[in-house]
Amino acid sequence: MPRVFPFEGLTYSAAAGPLDRVTAPPYDVISDARRRSYLRGSPYSVVHLDLAEGSSDPDDPANRYERAAALLTDWERQGALQRAASPQYYAYEMDFELDGDRRRIRGLLLALELEPWGTGVIPHERTLPGPVEDRLKLLRATHTHLSAVYGAISGPSPQLAALLDRVTTQEASHETEDERSVRHRMWSVPEDPQIASWFVDSPILIADGHHRYTTALRYRDEMHAERGFGPWDRVLALVVDAAAEHLPVLPFHRIQRTGEVPAGGTEVASLRDALDALSDDRSTVATVAMGPEDLRYAIVELAGGPPAVRALHEELLHGSAGSGELSFTPDAEEATEAVATGAAVAAWLLPPTTPERIRQVIEQGERLPQKSTYFWPKPRTGMVMMPVDGTRTD
């Protein structure tokens with residue numbers, strides 16, 4: 001079962017500048033254009049660490065992983081980053097608008113004891129080796145978890161709710177608003193032995209961060225072989241109570257770069273019509289491809305039950321477009337633009353799903369394809385980081 005701990009967080013100080021300039025979304029949802037914008041925005045942007053410039057060859061002395069490690073050390077020495085004096089938890093809140101409603105998601109940032117996938121920590125998506133290797137090289141160099149894995153317990157947890165009710169009425173120690181008008185707030189929570197007991201019987205479903213968790217497991221095993229047990233036995237995680245917090249699960253649309261162009265389906269006139277027809281209940285998806293003169297939008301009814309993304313891969317994408325030929329985006333217009341510019345042969349548009357349906361897949365002993373879900377909003381990278389470079393004493 002999950003074991004959780006406080007940790008000595010690494011946070012930005014006022015010397016680094018406004019948090020909206022130095023924090024960022026998780027690395028895997030940052031486009032090349034947004035990456036360049038973040039890098040220009042501040043010399044202390046966490047993107048200089050998470051997606052550093054330079055070679056990806058670890059044998060190159062100027063590789064981007066070592067560059068990130070040097071920057072991290074320099075920023076802490078300069079005072080742009082400051083390490084907490086003692087272990088603590090961090091309450092975290094995301095306040096946002098979706099479909100015309102104002103909502104919030106609250107949780108606790110903590111150090112989660114690493115364990116193999118299965119009983120206590122549950123995946124729902126497959127991972128790819130490339131991103132894991134990239135993240136592992138970065139973790140080896142920086143010895144720091146730069147962003148949190150995002151997990152959910154099924155709940156309800158009255159104790160966690162009471163703590164968050166009490167803490168989030170106070171003034172936040174860190175606060176910023178991101179590019180999509182999500183307000184992120186964070187509070188320090190003193191170490192309390194009772195907190196760990198709240199999670200003992202609550203398996204954690206990984207909502208976002210499968211590659212980061214897999215990377216942390218790889219790093220832990222390497223460090224065990226070299227130095228034994230230590231702080232690398234834990235990973236930074238934001239854990240929320242799914243019974244108390246409504247977690248939107250937006251779609252990750254598929255951009256098919258190569259392969260067979262989809263045919264069939266019921267044609268509709270526009271992207272808007274295609275999006276309006278999507279349904280996870282009925283496993284209804286849409287395709288975008290070039291027709292004789294213009295883009296062709298079509299609705300496709302799949303035979304398999306929800307979630308629709310699983311039915312799509314099982315029935316259509318397994319043969320016509322392998323995983324190496326796909327890229328992913330939560331933005332339907334971006335997926336459509338890839339087809340319009342010739343960068344892709346097709347786009348597959350998916351409906352949103354629910355955490356309950358994801359759990360149903362897991363309970364059947366299965367996993368969804370990679371990048372199947374887009375839990376939104378996501379905790380901001382750089383709000384707090386977790387060094388794993390010390391010696392654990394507990």
# chains A, B, ... in the order shown; residues from 1 in each chain; ligands from 1
>>> residues_around(residues="Ser45 (chain A)", least_positions_apart="4", cutoff="7 Å", atoms="only C-alpha atoms", output="JSON, numbers by chain")
{"A": [21, 22, 23, 38, 39]}
>>> select_by_dssp(residues="region 193-351 of chain A", states="strand (DSSP E)", output="ChimeraX atom specification")
/A:204-208,234-241,249-251,253-256,266-268,284-290,295-301,326-329,346-349
>>> write_last_selection(atoms="C-alpha atoms", output="PDB file, in the first residue's frame")
ATOM      1  CA  ILE A 204      -3.090   5.674  -6.040  1.00  0.00           C
ATOM      2  CA  LEU A 205      -4.144   5.769  -9.696  1.00  0.00           C
ATOM      3  CA  ILE A 206      -1.538   7.603 -11.752  1.00  0.00           C
ATOM      4  CA  ALA A 207      -3.481  10.206 -13.721  1.00  0.00           C
ATOM      5  CA  ASP A 208      -0.471  11.890 -15.299  1.00  0.00           C
ATOM      6  CA  ARG A 234      10.692   8.294  -3.452  1.00  0.00           C
ATOM      7  CA  VAL A 235       9.113  10.385  -6.181  1.00  0.00           C
ATOM      8  CA  LEU A 236       7.403  13.776  -6.030  1.00  0.00           C
ATOM      9  CA  ALA A 237       3.632  13.356  -6.345  1.00  0.00           C
ATOM     10  CA  LEU A 238       0.464  15.421  -6.145  1.00  0.00           C
ATOM     11  CA  VAL A 239      -2.308  13.233  -4.737  1.00  0.00           C
ATOM     12  CA  VAL A 240      -5.973  14.235  -4.911  1.00  0.00           C
ATOM     13  CA  ASP A 241      -9.153  12.601  -3.631  1.00  0.00           C
ATOM     14  CA  VAL A 249     -10.338  13.891 -18.293  1.00  0.00           C
ATOM     15  CA  LEU A 250      -9.972  15.609 -21.653  1.00  0.00           C
ATOM     16  CA  PRO A 251      -9.065  13.749 -24.844  1.00  0.00           C
ATOM     17  CA  HIS A 253      -6.276  13.440 -30.086  1.00  0.00           C
ATOM     18  CA  ARG A 254      -4.152  11.325 -32.430  1.00  0.00           C
ATOM     19  CA  ILE A 255      -2.109  12.799 -35.276  1.00  0.00           C
ATOM     20  CA  GLN A 256      -1.306  10.034 -37.770  1.00  0.00           C
ATOM     21  CA  THR A 266     -20.331   9.499 -42.093  1.00  0.00           C
ATOM     22  CA  GLU A 267     -19.148  12.802 -43.521  1.00  0.00           C
ATOM     23  CA  VAL A 268     -19.962  16.053 -41.728  1.00  0.00           C
ATOM     24  CA  THR A 284     -17.939   7.645 -31.426  1.00  0.00           C
ATOM     25  CA  VAL A 285     -14.779   9.234 -32.820  1.00  0.00           C
ATOM     26  CA  ALA A 286     -14.035  11.460 -35.818  1.00  0.00           C
ATOM     27  CA  THR A 287     -11.404  11.464 -38.533  1.00  0.00           C
ATOM     28  CA  VAL A 288      -9.874  14.343 -40.448  1.00  0.00           C
ATOM     29  CA  ALA A 289      -8.139  13.653 -43.762  1.00  0.00           C
ATOM     30  CA  MET A 290      -7.574  15.415 -47.070  1.00  0.00           C
ATOM     31  CA  LEU A 295     -10.374  18.546 -45.583  1.00  0.00           C
ATOM     32  CA  ARG A 296     -12.801  15.675 -45.086  1.00  0.00           C
ATOM     33  CA  TYR A 297     -14.431  15.252 -41.676  1.00  0.00           C
ATOM     34  CA  ALA A 298     -16.123  11.950 -40.883  1.00  0.00           C
ATOM     35  CA  ILE A 299     -17.822  10.364 -37.883  1.00  0.00           C
ATOM     36  CA  VAL A 300     -16.927   6.766 -37.049  1.00  0.00           C
ATOM     37  CA  GLU A 301     -18.983   4.513 -34.757  1.00  0.00           C
ATOM     38  CA  LEU A 326       1.450   8.769 -34.016  1.00  0.00           C
ATOM     39  CA  SER A 327       1.815  11.998 -32.115  1.00  0.00           C
ATOM     40  CA  PHE A 328      -0.640  13.427 -29.636  1.00  0.00           C
ATOM     41  CA  THR A 329      -2.290  16.727 -28.795  1.00  0.00           C
ATOM     42  CA  ALA A 346      -5.001  11.973 -40.816  1.00  0.00           C
ATOM     43  CA  ALA A 347      -6.139  13.063 -37.385  1.00  0.00           C
ATOM     44  CA  TRP A 348      -8.318  11.057 -35.019  1.00  0.00           C
ATOM     45  CA  LEU A 349     -10.485  13.125 -32.700  1.00  0.00           C
TER      46      LEU A 349
END
>>> closest_atom_pairs(of="region 210-320 of chain A", to="region 103-116 of chain A", cutoff="12 Å", atoms="only C-alpha atoms", output="Markdown table")
| residue | atom | partner | partner_atom | distance |
| --- | --- | --- | --- | --- |
| A:Arg212 | CA | A:Leu114 | CA | 11.5 |
| A:Tyr213 | CA | A:Leu114 | CA | 8.2 |
| A:Thr214 | CA | A:Pro116 | CA | 9.0 |
| A:Thr215 | CA | A:Leu114 | CA | 10.8 |
| A:Ala216 | CA | A:Leu114 | CA | 7.6 |
| A:Leu217 | CA | A:Leu114 | CA | 6.6 |
| A:Arg218 | CA | A:Leu114 | CA | 10.3 |
| A:Tyr219 | CA | A:Leu114 | CA | 10.5 |
| A:Arg220 | CA | A:Leu114 | CA | 8.1 |
| A:Asp221 | CA | A:Leu114 | CA | 10.3 |
| A:Phe229 | CA | A:Leu114 | CA | 11.5 |
| A:Gly230 | CA | A:Glu113 | CA | 10.8 |
| A:Pro231 | CA | A:Ala111 | CA | 9.3 |
| A:Trp232 | CA | A:Leu114 | CA | 8.6 |
| A:Asp233 | CA | A:Leu114 | CA | 5.6 |
| A:Arg234 | CA | A:Glu113 | CA | 4.4 |
| A:Val235 | CA | A:Leu112 | CA | 5.3 |
| A:Leu236 | CA | A:Ala111 | CA | 4.9 |
| A:Ala237 | CA | A:Leu110 | CA | 5.5 |
| A:Leu238 | CA | A:Leu109 | CA | 4.3 |
| A:Val239 | CA | A:Gly107 | CA | 5.4 |
| A:Val240 | CA | A:Gly107 | CA | 4.3 |
| A:Asp241 | CA | A:Gly107 | CA | 7.1 |
| A:Ala242 | CA | A:Ile105 | CA | 9.4 |
| A:Ala243 | CA | A:Ile105 | CA | 11.2 |
| A:Ala244 | CA | A:Ile105 | CA | 8.7 |
| A:Glu245 | CA | A:Ile105 | CA | 5.6 |
| A:His246 | CA | A:Ile105 | CA | 7.0 |
| A:Leu247 | CA | A:Ile105 | CA | 7.3 |
| A:Pro248 | CA | A:Ile105 | CA | 9.7 |
>>> write_last_selection(atoms="N, CA and C atoms", output="PDB file, in the first residue's frame")
ATOM      1  N   ARG A 212       7.329   9.533 -15.997  1.00  0.00           N
ATOM      2  CA  ARG A 212       8.135  10.024 -14.881  1.00  0.00           C
ATOM      3  C   ARG A 212       8.219   8.991 -13.760  1.00  0.00           C
ATOM      4  N   TYR A 213       7.110   8.315 -13.489  1.00  0.00           N
ATOM      5  CA  TYR A 213       7.141   7.288 -12.440  1.00  0.00           C
ATOM      6  C   TYR A 213       8.031   6.115 -12.879  1.00  0.00           C
ATOM      7  N   THR A 214       7.896   5.697 -14.129  1.00  0.00           N
ATOM      8  CA  THR A 214       8.729   4.616 -14.638  1.00  0.00           C
ATOM      9  C   THR A 214      10.203   5.005 -14.592  1.00  0.00           C
ATOM     10  N   THR A 215      10.501   6.256 -14.915  1.00  0.00           N
ATOM     11  CA  THR A 215      11.870   6.767 -14.836  1.00  0.00           C
ATOM     12  C   THR A 215      12.387   6.697 -13.407  1.00  0.00           C
ATOM     13  N   ALA A 216      11.557   7.116 -12.445  1.00  0.00           N
ATOM     14  CA  ALA A 216      11.962   7.097 -11.042  1.00  0.00           C
ATOM     15  C   ALA A 216      12.259   5.676 -10.569  1.00  0.00           C
ATOM     16  N   LEU A 217      11.480   4.697 -11.038  1.00  0.00           N
ATOM     17  CA  LEU A 217      11.754   3.304 -10.695  1.00  0.00           C
ATOM     18  C   LEU A 217      13.115   2.869 -11.245  1.00  0.00           C
ATOM     19  N   ARG A 218      13.408   3.230 -12.497  1.00  0.00           N
ATOM     20  CA  ARG A 218      14.691   2.881 -13.107  1.00  0.00           C
ATOM     21  C   ARG A 218      15.837   3.511 -12.327  1.00  0.00           C
ATOM     22  N   TYR A 219      15.683   4.782 -11.969  1.00  0.00           N
ATOM     23  CA  TYR A 219      16.734   5.497 -11.251  1.00  0.00           C
ATOM     24  C   TYR A 219      16.947   4.875  -9.872  1.00  0.00           C
ATOM     25  N   ARG A 220      15.850   4.550  -9.196  1.00  0.00           N
ATOM     26  CA  ARG A 220      15.960   3.911  -7.885  1.00  0.00           C
ATOM     27  C   ARG A 220      16.767   2.630  -7.970  1.00  0.00           C
ATOM     28  N   ASP A 221      16.471   1.802  -8.967  1.00  0.00           N
ATOM     29  CA  ASP A 221      17.178   0.535  -9.099  1.00  0.00           C
ATOM     30  C   ASP A 221      18.664   0.753  -9.358  1.00  0.00           C
ATOM     31  N   PHE A 229      19.752   2.010  -0.241  1.00  0.00           N
ATOM     32  CA  PHE A 229      18.546   2.805  -0.037  1.00  0.00           C
ATOM     33  C   PHE A 229      18.900   4.279   0.169  1.00  0.00           C
ATOM     34  N   GLY A 230      17.963   5.166  -0.238  1.00  0.00           N
ATOM     35  CA  GLY A 230      18.213   6.594  -0.089  1.00  0.00           C
ATOM     36  C   GLY A 230      17.018   7.399  -0.530  1.00  0.00           C
ATOM     37  N   PRO A 231      17.164   8.710  -0.683  1.00  0.00           N
ATOM     38  CA  PRO A 231      16.043   9.568  -1.084  1.00  0.00           C
ATOM     39  C   PRO A 231      15.513   9.248  -2.460  1.00  0.00           C
ATOM     40  N   TRP A 232      16.291   8.543  -3.275  1.00  0.00           N
ATOM     41  CA  TRP A 232      15.850   8.135  -4.612  1.00  0.00           C
ATOM     42  C   TRP A 232      14.787   7.032  -4.555  1.00  0.00           C
ATOM     43  N   ASP A 233      14.460   6.586  -3.347  1.00  0.00           N
ATOM     44  CA  ASP A 233      13.374   5.609  -3.196  1.00  0.00           C
ATOM     45  C   ASP A 233      12.006   6.269  -3.252  1.00  0.00           C
ATOM     46  N   ARG A 234      11.958   7.576  -3.447  1.00  0.00           N
ATOM     47  CA  ARG A 234      10.692   8.294  -3.452  1.00  0.00           C
ATOM     48  C   ARG A 234      10.599   9.208  -4.676  1.00  0.00           C
ATOM     49  N   VAL A 235       9.361   9.511  -5.047  1.00  0.00           N
ATOM     50  CA  VAL A 235       9.113  10.385  -6.181  1.00  0.00           C
ATOM     51  C   VAL A 235       8.153  11.491  -5.739  1.00  0.00           C
ATOM     52  N   LEU A 236       8.298  12.658  -6.319  1.00  0.00           N
ATOM     53  CA  LEU A 236       7.403  13.776  -6.030  1.00  0.00           C
ATOM     54  C   LEU A 236       6.039  13.495  -6.642  1.00  0.00           C
ATOM     55  N   ALA A 237       4.981  13.656  -5.846  1.00  0.00           N
ATOM     56  CA  ALA A 237       3.632  13.356  -6.345  1.00  0.00           C
ATOM     57  C   ALA A 237       2.629  14.347  -5.779  1.00  0.00           C
ATOM     58  N   LEU A 238       1.661  14.718  -6.595  1.00  0.00           N
ATOM     59  CA  LEU A 238       0.464  15.421  -6.145  1.00  0.00           C
ATOM     60  C   LEU A 238      -0.652  14.393  -6.089  1.00  0.00           C
ATOM     61  N   VAL A 239      -1.249  14.223  -4.911  1.00  0.00           N
ATOM     62  CA  VAL A 239      -2.308  13.233  -4.737  1.00  0.00           C
ATOM     63  C   VAL A 239      -3.604  13.955  -4.398  1.00  0.00           C
ATOM     64  N   VAL A 240      -4.662  13.637  -5.129  1.00  0.00           N
ATOM     65  CA  VAL A 240      -5.973  14.235  -4.911  1.00  0.00           C
ATOM     66  C   VAL A 240      -6.977  13.128  -4.609  1.00  0.00           C
ATOM     67  N   ASP A 241      -8.066  13.518  -3.972  1.00  0.00           N
ATOM     68  CA  ASP A 241      -9.153  12.601  -3.631  1.00  0.00           C
ATOM     69  C   ASP A 241     -10.213  12.683  -4.724  1.00  0.00           C
ATOM     70  N   ALA A 242     -10.322  11.635  -5.540  1.00  0.00           N
ATOM     71  CA  ALA A 242     -11.250  11.670  -6.671  1.00  0.00           C
ATOM     72  C   ALA A 242     -12.702  11.719  -6.230  1.00  0.00           C
ATOM     73  N   ALA A 243     -12.986  11.304  -4.985  1.00  0.00           N
ATOM     74  CA  ALA A 243     -14.361  11.364  -4.493  1.00  0.00           C
ATOM     75  C   ALA A 243     -14.759  12.782  -4.128  1.00  0.00           C
ATOM     76  N   ALA A 244     -13.776  13.611  -3.770  1.00  0.00           N
ATOM     77  CA  ALA A 244     -14.056  14.988  -3.362  1.00  0.00           C
ATOM     78  C   ALA A 244     -13.795  15.991  -4.465  1.00  0.00           C
ATOM     79  N   GLU A 245     -12.931  15.639  -5.401  1.00  0.00           N
ATOM     80  CA  GLU A 245     -12.532  16.559  -6.463  1.00  0.00           C
ATOM     81  C   GLU A 245     -12.990  16.002  -7.810  1.00  0.00           C
ATOM     82  N   HIS A 246     -13.657  16.829  -8.603  1.00  0.00           N
ATOM     83  CA  HIS A 246     -14.078  16.398  -9.937  1.00  0.00           C
ATOM     84  C   HIS A 246     -12.909  16.593 -10.898  1.00  0.00           C
ATOM     85  N   LEU A 247     -12.367  15.479 -11.407  1.00  0.00           N
ATOM     86  CA  LEU A 247     -11.177  15.543 -12.246  1.00  0.00           C
ATOM     87  C   LEU A 247     -11.562  15.453 -13.714  1.00  0.00           C
ATOM     88  N   PRO A 248     -11.493  16.537 -14.461  1.00  0.00           N
ATOM     89  CA  PRO A 248     -11.796  16.466 -15.889  1.00  0.00           C
ATOM     90  C   PRO A 248     -10.755  15.620 -16.628  1.00  0.00           C
TER      91      PRO A 248
END
>>> closest_atom_pairs(of="region 109-169 of chain A", to="region 358-362 of chain A", cutoff="12 Å", atoms="only C-alpha atoms", output="CSV")
residue,atom,partner,partner_atom,distance
A:Trp117,CA,A:Ile362,CA,11.7
A:Gly118,CA,A:Ile362,CA,9.9
A:Thr119,CA,A:Ile362,CA,11.1
A:Val121,CA,A:Ile362,CA,11.6
A:Ile122,CA,A:Ile362,CA,7.9
A:Pro123,CA,A:Ile362,CA,7.8
A:His124,CA,A:Ile362,CA,6.2
A:Glu125,CA,A:Ile358,CA,9.4
A:Arg126,CA,A:Ile362,CA,11.7
A:Ala152,CA,A:Arg359,CA,10.8
A:Ile153,CA,A:Arg359,CA,10.8
A:Ser154,CA,A:Arg359,CA,9.4
>>> closest_residue(among="A:His184, A:Arg64, A:His210, A:Arg83", to="Thr142 (chain A)", atoms="only C-alpha atoms")
A:Arg64
>>> select_by_dssp(residues="region 194-275 of chain A", states="alpha helix (DSSP H)", output="short mmCIF file (atom, residue, chain, number, x, y, z; two decimals) with N, CA and C atoms, in the first residue's frame")
data_model
loop_
_atom_site.label_atom_id
_atom_site.label_comp_id
_atom_site.auth_asym_id
_atom_site.auth_seq_id
_atom_site.Cartn_x
_atom_site.Cartn_y
_atom_site.Cartn_z
N GLN A 194 0.32 11.85 11.38
CA GLN A 194 -1.00 11.32 11.05
C GLN A 194 -1.26 11.28 9.54
N ILE A 195 -0.64 12.21 8.81
CA ILE A 195 -0.94 12.31 7.38
C ILE A 195 -0.64 11.02 6.64
N ALA A 196 0.47 10.38 6.96
CA ALA A 196 0.84 9.15 6.26
C ALA A 196 -0.23 8.07 6.40
N SER A 197 -0.90 8.04 7.55
CA SER A 197 -1.90 6.99 7.79
C SER A 197 -3.13 7.15 6.90
N HIS A 210 3.10 8.80 -16.09
CA HIS A 210 3.51 7.40 -16.19
C HIS A 210 5.00 7.27 -16.54
N HIS A 211 5.46 8.11 -17.48
CA HIS A 211 6.87 8.03 -17.86
C HIS A 211 7.76 8.52 -16.73
N ARG A 212 7.33 9.53 -16.00
CA ARG A 212 8.13 10.02 -14.88
C ARG A 212 8.22 8.99 -13.76
N TYR A 213 7.11 8.32 -13.49
CA TYR A 213 7.14 7.29 -12.44
C TYR A 213 8.03 6.12 -12.88
N THR A 214 7.90 5.70 -14.13
CA THR A 214 8.73 4.62 -14.64
C THR A 214 10.20 5.01 -14.59
N THR A 215 10.50 6.26 -14.92
CA THR A 215 11.87 6.77 -14.84
C THR A 215 12.39 6.70 -13.41
N ALA A 216 11.56 7.12 -12.45
CA ALA A 216 11.96 7.10 -11.04
C ALA A 216 12.26 5.68 -10.57
N LEU A 217 11.48 4.70 -11.04
CA LEU A 217 11.75 3.30 -10.70
C LEU A 217 13.12 2.87 -11.24
N ARG A 218 13.41 3.23 -12.50
CA ARG A 218 14.69 2.88 -13.11
C ARG A 218 15.84 3.51 -12.33
N TYR A 219 15.68 4.78 -11.97
CA TYR A 219 16.73 5.50 -11.25
C TYR A 219 16.95 4.87 -9.87
N ARG A 220 15.85 4.55 -9.20
CA ARG A 220 15.96 3.91 -7.89
C ARG A 220 16.77 2.63 -7.97
N ASP A 221 16.47 1.80 -8.97
CA ASP A 221 17.18 0.53 -9.10
C ASP A 221 18.66 0.75 -9.36
N GLU A 222 18.99 1.74 -10.17
CA GLU A 222 20.40 2.05 -10.41
C GLU A 222 21.10 2.49 -9.12
N MET A 223 20.44 3.36 -8.36
CA MET A 223 21.04 3.87 -7.14
C MET A 223 21.13 2.79 -6.05
N HIS A 224 20.19 1.87 -6.04
CA HIS A 224 20.29 0.73 -5.11
C HIS A 224 21.55 -0.06 -5.38
N ALA A 225 21.83 -0.31 -6.65
CA ALA A 225 23.01 -1.08 -7.02
C ALA A 225 24.30 -0.35 -6.64
N GLU A 226 24.24 0.97 -6.67
CA GLU A 226 25.44 1.77 -6.42
C GLU A 226 25.60 2.17 -4.95
N ARG A 227 24.47 2.56 -4.30
CA ARG A 227 24.58 3.14 -2.97
C ARG A 227 23.57 2.61 -1.96
N LEU A 271 -15.27 20.97 -38.63
CA LEU A 271 -14.64 20.50 -37.40
C LEU A 271 -15.61 20.60 -36.24
N ARG A 272 -16.38 21.67 -36.19
CA ARG A 272 -17.34 21.85 -35.11
C ARG A 272 -18.36 20.72 -35.10
N ASP A 273 -18.86 20.35 -36.29
CA ASP A 273 -19.82 19.26 -36.38
C ASP A 273 -19.19 17.94 -35.92
N ALA A 274 -17.93 17.75 -36.28
CA ALA A 274 -17.24 16.53 -35.88
C ALA A 274 -17.09 16.46 -34.36
N LEU A 275 -16.69 17.57 -33.76
CA LEU A 275 -16.51 17.59 -32.30
C LEU A 275 -17.83 17.39 -31.58
#
>>> atom_distance(atom1="CA of Thr354 (chain A)", atom2="CA of Phe199 (chain A)")
22.4 Å
>>> residues_around(residues="Glu177 (chain A)", least_positions_apart="3", cutoff="10 Å", atoms="only C-alpha atoms", output="list in words")
Leu19, Asp20, Met94, Asp95, Phe96, Arg180, Ser181, Val182, Arg183, His184, Arg185 and Arg380 of chain A
>>> closest_residue(among="A:Pro193, A:Gly304, A:Pro43, A:Gly382", to="Ala148 (chain A)", atoms="only C-alpha atoms")
A:Gly382
>>> atom_distance(atom1="CA of Ala70 (chain A)", atom2="CA of Leu49 (chain A)")
9.3 Å
